Amino acid sequence: MKKIVFLVFMCIVFFVSAQEKDSIATALELQIKKETVDSLKIPLQLQLAEYINESNIDSTRQILLNVQKLLENTQSKSRYYQQQRIKYYQILASCDEQQDQLTTSLENLQKSIDLANEIKDDKSLATSYQIRGTLSMKNNDSIEARNYYKKAIQLGKKYKDSTALFAAYSMYASSFYQSLKKNDSTLYYLKLAKNYVNSLQSKIEMDTNFATYYVADQNYEKALITYKRMIAPHKKLKRYLGLSSCFLNMGAVQAFLKEKEKSLAAMDSAIVYAKRAKSKDYLSLIYQSRRNINAHFKDYKAAMNDFYMHKIYYDSINDLAEAKRFTELELNYKFDKEKEIAAIKLENESTKKSLYFILIFVVLLLAAVLIYIINKRKGQKIAVAEKELALQQMEKIKADLILANRENELKKVVIENSITEEVLNKTLDDIKEIITFENEKERKMALKSLSASLLSEKTAKKSTASLQEYLEEVNMEFKILLDTKFPKLKQREKELLCMIKLGLGGTEISKLFNTSLASIKSLRYRIRKKLDIDPNEDMIAYIEGKNTTDSASS
C-alpha cells in the first residue's frame, strides 16, 4: 500500500497555462483567417496553440509550424518579435515535454531562456523557469526543479503577476510530493499558492494539489470528493491530461477504500484520456498503478498483464541512450555557460591587470617626477645656501680687511699722536664691539667715526707701561708664545718682537721706544744671536714655526 501512496505522489501533473472554452478557440481561428498582417497573425496563432495544447497536440504542432515559417520570413530582432519567438519556444517545449521528448524540450526551452535574458523579459523568463522545473521533475531531480521554481517565484514577485505566482508556488509545493516526510512543506506552499487563485483554471489546479495532499495525509474520503468535483470542469475545458490525472488518483484512492471495481474502472478512464493526450509517461504510471491494485486484490494474472503494458511504455520513454543524451545536452549547456562566464571573468581579469599596470606605471612616473622636483628644489636650495654662504664669507673677508686696515691706521695714530692709556683702552673696547656688528655698512660707519675721533684726540706721549699693556691687548697670543717658549729673552726684546709682529718698521719702533734706530738694530742683532737665527731668516716666522714644530713633536 505504501508503494501505491508513493505512486499517487508521483502522479501530480504540472499545468502550463490556462485553457478557455471552445467558443474562444473558434473565435481565434476566425480572427486568424481574417488577419493579413503577419505581426498580428503570429500572436493570435500562438494564443490558439496555447489554448489547444493539452487537448490536441498534433494541431498545436501544426500551428507552431506555421508560426515558425512566419518568424523565419522576418529578420527583425525587435523586442516584439523576440517575445513572439520566446512564446513559440515555450509552447514547443511544452508539447515535447507532454510527449516525453525531454531532450528536444530542453533544447527549445533553453532557447527561450536565452532570448528572455537577452531582452531582459522577466515575465517570459518566469514562465520558462516553470517549464524548466517540470523538466527537472520528469528527470527525477526535485532539488534542481525547486531551484527553477524559486527563480520563477522571485520574478513573479518582482512584477506582481498573480497568475505566475500561483503556478510557481503550486509547482514548488508539488516538488515535495516525492518525499513522504515533507507534507508540512507541501501544505505551506499550497496555502501560499491559494492566495493567488484568480480564475477557474487556477482553482482547478488548486483543488488538484490539495486532493493529492489529502491522499498523502490519508484523508481518502476528502480526496475522492475533491477529484470527482474536478472531472466536469476538466471535460468542459477538454483537458485530457487533467482528466487522466483525476481518474488515476481516484482509482488509487478507491483502492485504499477497498472498492476494487470502481478503482479499476477509474484506471480504465485514465488510460483512455492518456491515450487521447498521447502521453506515454502517463500510460506507464497508470499501468503500474493498475498492476499494484490487481496485486493488492490478489488478481495476479491481471497484475502481470498490466506489468507488461507498463514495461512497454516505460521502455519507450526510458531509453537509456535518450536519457544519456538529455543529461549530456544539459551538461553541455551548463558547460557552455560556465565557459562563457569564465571567458568574461578572464577578460575582466586581463583588463584589471592592464589597469593595474597602467596605474603602477602612472604612480611610478608621478613618483619619479616628484623626486626630480624635490631634488631640483633641494639643489636650488643648496645652491642658494652656498651662494649666501659665499657672500657671507666675502663679507667677512671684507670686514677683516677693513678691520686690518683700520687696525694699522690705529697703530699709526697711536704712534704718531701718542694716544693716552685711557683712550687706547676705550679704543680697544670700541673695536671689539664693532667686530660684533653683522651689518657691513654699520661697521664701516663705526670705524670711520672711531678713526676721526682718534685723529682729533690730543694727548701726551704714551708711557712704556701703557705701551706694554697695548701690546698685550693687540698681540696677546704672540706675547704668551714668547713668555712660554723663549724665557731667555728680556722684556725689551719681547716688546721689540711684538712691534715687529704688528708690522712696524725700525723708524716707527725707535720713536715708540724713544731711542735711536741704531739701538733698535742692535737689539734685533742680540735677539738673532740668542735664538741662533740666520740674518736672512724672518724672526717672526722662525718663532711661530718653532711653536708649530714643538706642538707636532709633542
# chains A, B, ... in the order shown; residues from 1 in each chain; ligands from 1
$ residues_around --residues "segment 150-160 of chain A" --least-positions-apart "2" --cutoff "8 Å" --atoms "only C-alpha atoms" --output "NGL selection string"
:A and (122-123 or 125-127 or 129-130 or 146-148 or 162 or 164-165 or 168-169 or 172)
$ write_last_selection --atoms "C-alpha atoms" --output "mmCIF file, in the first residue's frame"
data_model
loop_
_atom_site.group_PDB
_atom_site.id
_atom_site.type_symbol
_atom_site.label_atom_id
_atom_site.label_comp_id
_atom_site.auth_asym_id
_atom_site.auth_seq_id
_atom_site.Cartn_x
_atom_site.Cartn_y
_atom_site.Cartn_z
ATOM 1 C CA ASP A 122 11.274 38.840 -16.714
ATOM 2 C CA LYS A 123 7.696 37.650 -17.327
ATOM 3 C CA LEU A 125 11.709 34.184 -18.160
ATOM 4 C CA ALA A 126 9.460 33.225 -15.212
ATOM 5 C CA THR A 127 7.311 31.046 -17.491
ATOM 6 C CA TYR A 129 11.710 28.646 -15.468
ATOM 7 C CA GLN A 130 8.391 26.990 -14.538
ATOM 8 C CA ARG A 146 12.866 23.636 -6.802
ATOM 9 C CA ASN A 147 15.741 25.940 -7.772
ATOM 10 C CA TYR A 148 13.936 26.853 -11.003
ATOM 11 C CA SER A 162 -0.675 36.644 -9.535
ATOM 12 C CA ALA A 164 2.659 33.374 -12.456
ATOM 13 C CA LEU A 165 2.970 33.305 -8.652
ATOM 14 C CA ALA A 168 5.170 28.802 -9.399
ATOM 15 C CA TYR A 169 4.034 28.172 -5.805
ATOM 16 C CA TYR A 172 7.086 24.315 -5.851
#
$ closest_residue --among "A:Tyr542, A:Met206, A:Leu200, A:Glu144" --to "Ala173 of chain A" --atoms "only C-alpha atoms"
A:Met206
$ atom_distance --atom1 "atom CA of Gly133 of chain A" --atom2 "atom CA of Lys191 of chain A"
19.9 Å
$ closest_residue --among "A:Leu237, A:Ile63, A:Met137, A:Ala211" --to "Glu97 of chain A" --atoms "only C-alpha atoms"
A:Met137
$ atom_distance --atom1 "atom CA of Ile533 of chain A" --atom2 "atom CA of Met476 of chain A"
23.2 Å
$ atom_distance --atom1 "atom CA of Phe437 of chain A" --atom2 "atom CA of Leu389 of chain A"
17.3 Å
$ select_by_dssp --residues "segment 119-241 of chain A" --states "helix (DSSP H, G or I)" --output "compact mmCIF listing (two decimals) with N, CA, C and O atoms, in the first residue's frame"
# COMPACT_ATOMS: atom_id res chain seq x y z
N ILE A 119 16.79 40.02 -23.93
CA ILE A 119 15.96 41.24 -23.99
C ILE A 119 15.46 41.64 -22.60
O ILE A 119 14.68 42.58 -22.46
N ASP A 122 11.42 39.64 -17.93
CA ASP A 122 11.27 38.84 -16.71
C ASP A 122 10.02 37.96 -16.73
O ASP A 122 10.04 36.84 -16.21
N LYS A 123 8.93 38.44 -17.31
CA LYS A 123 7.70 37.65 -17.33
C LYS A 123 7.89 36.37 -18.15
O LYS A 123 7.51 35.28 -17.72
N SER A 124 8.46 36.53 -19.32
CA SER A 124 8.71 35.35 -20.16
C SER A 124 9.71 34.41 -19.50
O SER A 124 9.58 33.18 -19.58
N LEU A 125 10.70 35.00 -18.83
CA LEU A 125 11.71 34.18 -18.16
C LEU A 125 11.09 33.37 -17.03
O LEU A 125 11.46 32.21 -16.82
N ALA A 126 10.13 33.95 -16.30
CA ALA A 126 9.46 33.22 -15.21
C ALA A 126 8.72 32.00 -15.75
O ALA A 126 8.78 30.91 -15.17
N THR A 127 8.03 32.17 -16.88
CA THR A 127 7.31 31.05 -17.49
C THR A 127 8.28 29.95 -17.93
O THR A 127 8.03 28.76 -17.72
N SER A 128 9.40 30.36 -18.52
CA SER A 128 10.40 29.37 -18.96
C SER A 128 10.98 28.63 -17.78
O SER A 128 11.22 27.41 -17.85
N TYR A 129 11.19 29.31 -16.67
CA TYR A 129 11.71 28.65 -15.47
C TYR A 129 10.70 27.63 -14.92
O TYR A 129 11.09 26.57 -14.42
N GLN A 130 9.41 27.93 -15.01
CA GLN A 130 8.39 26.99 -14.54
C GLN A 130 8.43 25.70 -15.37
O GLN A 130 8.40 24.59 -14.83
N ILE A 131 8.50 25.88 -16.68
CA ILE A 131 8.56 24.70 -17.56
C ILE A 131 9.87 23.94 -17.32
O ILE A 131 9.90 22.71 -17.33
N ARG A 132 10.96 24.69 -17.09
CA ARG A 132 12.26 24.05 -16.84
C ARG A 132 12.22 23.21 -15.56
O ARG A 132 12.82 22.13 -15.48
N GLY A 133 11.51 23.71 -14.54
CA GLY A 133 11.35 22.94 -13.31
C GLY A 133 10.60 21.64 -13.55
O GLY A 133 10.95 20.60 -12.98
N THR A 134 9.58 21.70 -14.43
CA THR A 134 8.82 20.49 -14.77
C THR A 134 9.72 19.45 -15.44
O THR A 134 9.63 18.25 -15.16
N LEU A 135 10.61 19.92 -16.32
CA LEU A 135 11.55 19.00 -16.97
C LEU A 135 12.45 18.33 -15.94
O LEU A 135 12.74 17.14 -16.03
N SER A 136 12.92 19.10 -14.98
CA SER A 136 13.78 18.53 -13.93
C SER A 136 13.02 17.50 -13.11
O SER A 136 13.59 16.47 -12.71
N MET A 137 11.74 17.75 -12.83
CA MET A 137 10.93 16.78 -12.10
C MET A 137 10.79 15.49 -12.90
O MET A 137 10.89 14.39 -12.35
N LYS A 138 10.60 15.62 -14.20
CA LYS A 138 10.48 14.41 -15.03
C LYS A 138 11.80 13.66 -15.10
O LYS A 138 11.82 12.45 -15.33
N SER A 142 14.34 16.61 -8.15
CA SER A 142 13.44 17.56 -7.48
C SER A 142 14.20 18.76 -6.91
O SER A 142 13.64 19.86 -6.79
N ILE A 143 15.46 18.56 -6.54
CA ILE A 143 16.24 19.68 -5.99
C ILE A 143 16.46 20.76 -7.05
O ILE A 143 16.25 21.95 -6.80
N GLU A 144 16.87 20.33 -8.25
CA GLU A 144 17.06 21.30 -9.33
C GLU A 144 15.73 21.94 -9.73
O GLU A 144 15.66 23.13 -10.04
N ALA A 145 14.65 21.15 -9.70
CA ALA A 145 13.33 21.68 -10.03
C ALA A 145 12.95 22.81 -9.08
O ALA A 145 12.46 23.86 -9.50
N ARG A 146 13.20 22.59 -7.79
CA ARG A 146 12.87 23.64 -6.80
C ARG A 146 13.68 24.90 -7.04
O ARG A 146 13.20 26.02 -6.81
N ASN A 147 14.91 24.76 -7.48
CA ASN A 147 15.74 25.94 -7.77
C ASN A 147 15.11 26.79 -8.88
O ASN A 147 15.06 28.02 -8.78
N TYR A 148 14.57 26.11 -9.92
CA TYR A 148 13.94 26.85 -11.00
C TYR A 148 12.61 27.46 -10.56
O TYR A 148 12.26 28.58 -10.95
N TYR A 149 11.87 26.73 -9.72
CA TYR A 149 10.60 27.28 -9.22
C TYR A 149 10.86 28.51 -8.34
O TYR A 149 10.10 29.48 -8.38
N LYS A 150 11.94 28.47 -7.55
CA LYS A 150 12.28 29.63 -6.73
C LYS A 150 12.56 30.85 -7.60
O LYS A 150 12.14 31.97 -7.28
N LYS A 151 13.29 30.63 -8.69
CA LYS A 151 13.57 31.74 -9.61
C LYS A 151 12.29 32.31 -10.20
O LYS A 151 12.13 33.54 -10.32
N ALA A 152 11.35 31.41 -10.55
CA ALA A 152 10.08 31.86 -11.11
C ALA A 152 9.29 32.66 -10.07
O ALA A 152 8.67 33.68 -10.39
N ILE A 153 9.34 32.22 -8.81
CA ILE A 153 8.64 32.93 -7.73
C ILE A 153 9.24 34.33 -7.53
O ILE A 153 8.52 35.33 -7.39
N GLN A 154 10.55 34.42 -7.54
CA GLN A 154 11.21 35.72 -7.36
C GLN A 154 10.84 36.70 -8.47
O GLN A 154 10.56 37.87 -8.21
N LEU A 155 10.81 36.19 -9.71
CA LEU A 155 10.42 37.06 -10.82
C LEU A 155 8.95 37.44 -10.74
O LEU A 155 8.57 38.57 -11.06
N GLY A 156 8.09 36.48 -10.34
CA GLY A 156 6.66 36.77 -10.19
C GLY A 156 6.42 37.86 -9.15
O GLY A 156 5.57 38.74 -9.33
N LYS A 157 7.17 37.84 -8.06
CA LYS A 157 7.05 38.88 -7.04
C LYS A 157 7.54 40.23 -7.57
O LYS A 157 7.02 41.28 -7.20
N LYS A 158 8.53 40.17 -8.45
CA LYS A 158 9.12 41.40 -8.97
C LYS A 158 8.10 42.21 -9.77
O LYS A 158 8.00 43.43 -9.60
N TYR A 159 7.34 41.53 -10.65
CA TYR A 159 6.36 42.27 -11.45
C TYR A 159 4.92 42.00 -10.99
O TYR A 159 3.97 42.34 -11.69
N SER A 162 -0.02 37.64 -10.39
CA SER A 162 -0.68 36.64 -9.53
C SER A 162 -0.76 35.28 -10.23
O SER A 162 -0.62 34.23 -9.58
N THR A 163 -0.97 35.29 -11.56
CA THR A 163 -1.07 34.01 -12.29
C THR A 163 0.26 33.26 -12.24
O THR A 163 0.30 32.06 -11.98
N ALA A 164 1.33 34.00 -12.48
CA ALA A 164 2.66 33.37 -12.46
C ALA A 164 3.01 32.90 -11.04
O ALA A 164 3.59 31.82 -10.87
N LEU A 165 2.67 33.69 -10.04
CA LEU A 165 2.97 33.30 -8.65
C LEU A 165 2.18 32.08 -8.24
O LEU A 165 2.70 31.18 -7.55
N PHE A 166 0.90 31.99 -8.66
CA PHE A 166 0.10 30.80 -8.34
C PHE A 166 0.74 29.55 -8.95
O PHE A 166 0.91 28.53 -8.28
N ALA A 167 1.10 29.64 -10.24
CA ALA A 167 1.69 28.47 -10.91
C ALA A 167 3.01 28.08 -10.28
O ALA A 167 3.29 26.90 -10.03
N ALA A 168 3.84 29.09 -9.96
CA ALA A 168 5.17 28.80 -9.40
C ALA A 168 5.06 28.19 -8.01
O ALA A 168 5.75 27.20 -7.70
N TYR A 169 4.19 28.74 -7.16
CA TYR A 169 4.03 28.17 -5.81
C TYR A 169 3.42 26.77 -5.86
O TYR A 169 3.80 25.89 -5.07
N SER A 170 2.46 26.56 -6.77
CA SER A 170 1.85 25.23 -6.90
C SER A 170 2.89 24.19 -7.32
O SER A 170 2.96 23.09 -6.77
N MET A 171 3.71 24.56 -8.29
CA MET A 171 4.75 23.64 -8.74
C MET A 171 5.78 23.39 -7.66
O MET A 171 6.28 22.28 -7.49
N TYR A 172 6.11 24.46 -6.93
CA TYR A 172 7.09 24.31 -5.85
C TYR A 172 6.55 23.37 -4.77
O TYR A 172 7.30 22.52 -4.25
N ALA A 173 5.26 23.51 -4.45
CA ALA A 173 4.64 22.59 -3.47
C ALA A 173 4.64 21.16 -3.99
O ALA A 173 4.93 20.21 -3.25
N SER A 174 4.36 21.01 -5.29
CA SER A 174 4.31 19.68 -5.88
C SER A 174 5.67 18.98 -5.88
O SER A 174 5.74 17.76 -5.89
N ASN A 183 5.35 16.67 4.03
CA ASN A 183 3.97 17.12 3.88
C ASN A 183 3.79 18.54 4.41
O ASN A 183 2.98 19.31 3.90
N ASP A 184 4.51 18.90 5.45
CA ASP A 184 4.39 20.24 6.01
C ASP A 184 4.83 21.29 4.99
O ASP A 184 4.18 22.34 4.84
N SER A 185 5.92 21.02 4.30
CA SER A 185 6.38 21.95 3.27
C SER A 185 5.36 22.05 2.14
O SER A 185 5.07 23.14 1.63
N THR A 186 4.79 20.90 1.76
CA THR A 186 3.79 20.89 0.70
C THR A 186 2.60 21.76 1.09
O THR A 186 2.16 22.62 0.32
N LEU A 187 2.06 21.58 2.29
CA LEU A 187 0.89 22.33 2.74
C LEU A 187 1.20 23.82 2.84
O LEU A 187 0.38 24.67 2.47
N TYR A 188 2.39 24.16 3.30
CA TYR A 188 2.78 25.57 3.46
C TYR A 188 2.75 26.29 2.12
O TYR A 188 2.16 27.37 1.99
N TYR A 189 3.36 25.68 1.09
CA TYR A 189 3.42 26.35 -0.22
C TYR A 189 2.09 26.27 -0.97
O TYR A 189 1.78 27.14 -1.79
N LEU A 190 1.28 25.25 -0.67
CA LEU A 190 -0.07 25.20 -1.25
C LEU A 190 -0.92 26.36 -0.73
O LEU A 190 -1.68 26.98 -1.48
N LYS A 191 -0.79 26.66 0.55
CA LYS A 191 -1.54 27.79 1.12
C LYS A 191 -1.07 29.12 0.53
O LYS A 191 -1.87 30.02 0.30
N LEU A 192 0.24 29.21 0.27
CA LEU A 192 0.74 30.43 -0.38
C LEU A 192 0.17 30.55 -1.80
O LEU A 192 -0.22 31.64 -2.23
N ALA A 193 0.11 29.42 -2.51
CA ALA A 193 -0.42 29.43 -3.87
C ALA A 193 -1.91 29.80 -3.88
O ALA A 193 -2.38 30.52 -4.78
N LYS A 194 -2.63 29.38 -2.86
CA LYS A 194 -4.06 29.65 -2.78
C LYS A 194 -4.35 31.15 -2.72
O LYS A 194 -5.42 31.61 -3.15
N LEU A 200 -10.93 30.23 -12.92
CA LEU A 200 -11.44 28.87 -12.80
C LEU A 200 -10.32 27.87 -12.97
O LEU A 200 -10.24 26.86 -12.25
N GLN A 201 -9.45 28.14 -13.94
CA GLN A 201 -8.33 27.22 -14.20
C GLN A 201 -7.42 27.09 -12.98
O GLN A 201 -7.05 25.98 -12.57
N SER A 202 -7.09 28.22 -12.36
CA SER A 202 -6.21 28.17 -11.19
C SER A 202 -6.91 27.49 -10.02
O SER A 202 -6.26 26.82 -9.21
N LYS A 203 -8.25 27.63 -9.95
CA LYS A 203 -8.99 26.95 -8.87
C LYS A 203 -8.95 25.43 -9.07
O LYS A 203 -8.80 24.66 -8.11
N ILE A 204 -9.06 24.98 -10.32
CA ILE A 204 -8.99 23.54 -10.61
C ILE A 204 -7.63 23.00 -10.21
O ILE A 204 -7.52 21.93 -9.58
N GLU A 205 -6.61 23.72 -10.58
CA GLU A 205 -5.26 23.26 -10.24
C GLU A 205 -5.04 23.26 -8.73
O GLU A 205 -4.37 22.36 -8.19
N MET A 206 -5.66 24.23 -8.04
CA MET A 206 -5.53 24.28 -6.59
C MET A 206 -6.19 23.06 -5.95
O MET A 206 -5.65 22.43 -5.04
N ASP A 207 -7.40 22.72 -6.47
CA ASP A 207 -8.11 21.53 -5.97
C ASP A 207 -7.28 20.27 -6.21
O ASP A 207 -7.24 19.36 -5.36
N THR A 208 -6.66 20.19 -7.38
CA THR A 208 -5.84 19.02 -7.71
C THR A 208 -4.69 18.85 -6.71
O THR A 208 -4.44 17.74 -6.21
N ASN A 209 -4.04 19.94 -6.42
CA ASN A 209 -2.91 19.87 -5.48
C ASN A 209 -3.36 19.51 -4.07
O ASN A 209 -2.72 18.71 -3.37
N PHE A 210 -4.49 20.10 -3.63
CA PHE A 210 -4.98 19.77 -2.29
C PHE A 210 -5.47 18.33 -2.21
O PHE A 210 -5.30 17.67 -1.19
N ALA A 211 -6.08 17.85 -3.29
CA ALA A 211 -6.54 16.45 -3.30
C ALA A 211 -5.36 15.50 -3.14
O ALA A 211 -5.43 14.52 -2.39
N THR A 212 -4.28 15.81 -3.84
CA THR A 212 -3.09 14.97 -3.71
C THR A 212 -2.53 15.04 -2.30
O THR A 212 -2.05 14.04 -1.75
N TYR A 213 -2.61 16.21 -1.72
CA TYR A 213 -2.14 16.35 -0.33
C TYR A 213 -3.01 15.53 0.63
O TYR A 213 -2.50 14.91 1.55
N TYR A 214 -4.32 15.52 0.38
CA TYR A 214 -5.22 14.74 1.24
C TYR A 214 -4.86 13.25 1.18
O TYR A 214 -4.93 12.53 2.19
N VAL A 215 -4.49 12.79 -0.01
CA VAL A 215 -4.09 11.39 -0.16
C VAL A 215 -2.85 11.11 0.69
O VAL A 215 -2.77 10.10 1.41
N ALA A 216 -1.87 12.01 0.61
CA ALA A 216 -0.64 11.83 1.39
C ALA A 216 -0.95 11.85 2.88
O ALA A 216 -0.29 11.17 3.68
N TYR A 220 -8.73 9.92 2.66
CA TYR A 220 -9.15 9.43 1.35
C TYR A 220 -10.54 9.92 0.96
O TYR A 220 -10.80 10.19 -0.23
N GLU A 221 -11.48 10.00 1.88
CA GLU A 221 -12.83 10.45 1.55
C GLU A 221 -12.80 11.88 1.01
O GLU A 221 -13.43 12.19 -0.01
N LYS A 222 -12.08 12.75 1.67
CA LYS A 222 -11.99 14.14 1.24
C LYS A 222 -11.28 14.26 -0.11
O LYS A 222 -11.65 15.06 -0.96
N ALA A 223 -10.24 13.42 -0.28
CA ALA A 223 -9.52 13.42 -1.55
C ALA A 223 -10.43 12.99 -2.69
O ALA A 223 -10.42 13.59 -3.79
N LEU A 224 -11.27 11.92 -2.46
CA LEU A 224 -12.15 11.41 -3.51
C LEU A 224 -13.19 12.44 -3.90
O LEU A 224 -13.48 12.62 -5.09
N ILE A 225 -13.73 13.13 -2.92
CA ILE A 225 -14.73 14.18 -3.21
C ILE A 225 -14.11 15.28 -4.07
O ILE A 225 -14.72 15.77 -5.02
N THR A 226 -12.89 15.65 -3.74
CA THR A 226 -12.21 16.73 -4.48
C THR A 226 -11.93 16.32 -5.91
O THR A 226 -12.13 17.11 -6.85
N TYR A 227 -11.46 15.09 -6.15
CA TYR A 227 -11.18 14.61 -7.51
C TYR A 227 -12.46 14.56 -8.35
O TYR A 227 -12.47 14.96 -9.53
N LYS A 228 -13.56 14.06 -7.76
CA LYS A 228 -14.82 13.97 -8.50
C LYS A 228 -15.32 15.37 -8.89
O LYS A 228 -15.89 15.54 -9.97
N ARG A 229 -15.09 16.35 -7.99
CA ARG A 229 -15.55 17.71 -8.26
C ARG A 229 -14.82 18.33 -9.46
O ARG A 229 -15.32 19.23 -10.12
N MET A 230 -13.62 17.84 -9.78
CA MET A 230 -12.82 18.45 -10.85
C MET A 230 -13.08 17.83 -12.22
O MET A 230 -12.63 18.36 -13.23
N ILE A 231 -13.81 16.69 -12.29
CA ILE A 231 -13.99 16.00 -13.57
C ILE A 231 -14.77 16.86 -14.56
O ILE A 231 -14.38 17.01 -15.72
N ALA A 232 -15.88 17.45 -14.11
CA ALA A 232 -16.72 18.25 -15.01
C ALA A 232 -15.96 19.44 -15.60
O ALA A 232 -16.00 19.66 -16.82
N PRO A 233 -15.27 20.25 -14.80
CA PRO A 233 -14.52 21.38 -15.39
C PRO A 233 -13.44 20.92 -16.37
O PRO A 233 -13.23 21.56 -17.40
N HIS A 234 -12.78 19.79 -16.08
CA HIS A 234 -11.75 19.28 -16.99
C HIS A 234 -12.35 18.89 -18.34
O HIS A 234 -11.77 19.18 -19.40
N LYS A 235 -13.53 18.22 -18.30
CA LYS A 235 -14.18 17.82 -19.55
C LYS A 235 -14.62 19.04 -20.35
O LYS A 235 -14.51 19.08 -21.57
N LYS A 236 -15.09 20.05 -19.61
CA LYS A 236 -15.55 21.27 -20.28
C LYS A 236 -14.40 21.97 -21.00
O LYS A 236 -14.57 22.51 -22.10
N LEU A 237 -13.23 21.92 -20.40
CA LEU A 237 -12.06 22.57 -21.00
C LEU A 237 -11.25 21.63 -21.87
O LEU A 237 -10.22 22.03 -22.43
N TYR A 240 -7.29 16.76 -21.32
CA TYR A 240 -7.20 15.30 -21.30
C TYR A 240 -6.19 14.81 -20.26
O TYR A 240 -6.44 13.81 -19.58
N LEU A 241 -5.06 15.47 -20.15
CA LEU A 241 -4.11 15.07 -19.12
C LEU A 241 -4.66 15.32 -17.72
O LEU A 241 -4.42 14.55 -16.80
$ residues_around --residues "Met304 of chain A" --least-positions-apart "2" --cutoff "12 Å" --atoms "only C-alpha atoms" --output "PyMOL selection string"
chain A and resi 287-288+290-295+298-302+306-311
$ closest_residue --among "A:Ser55, A:Ser199, A:Ser354, A:Thr484" --to "Lys275 of chain A" --atoms "only C-alpha atoms"
A:Ser55
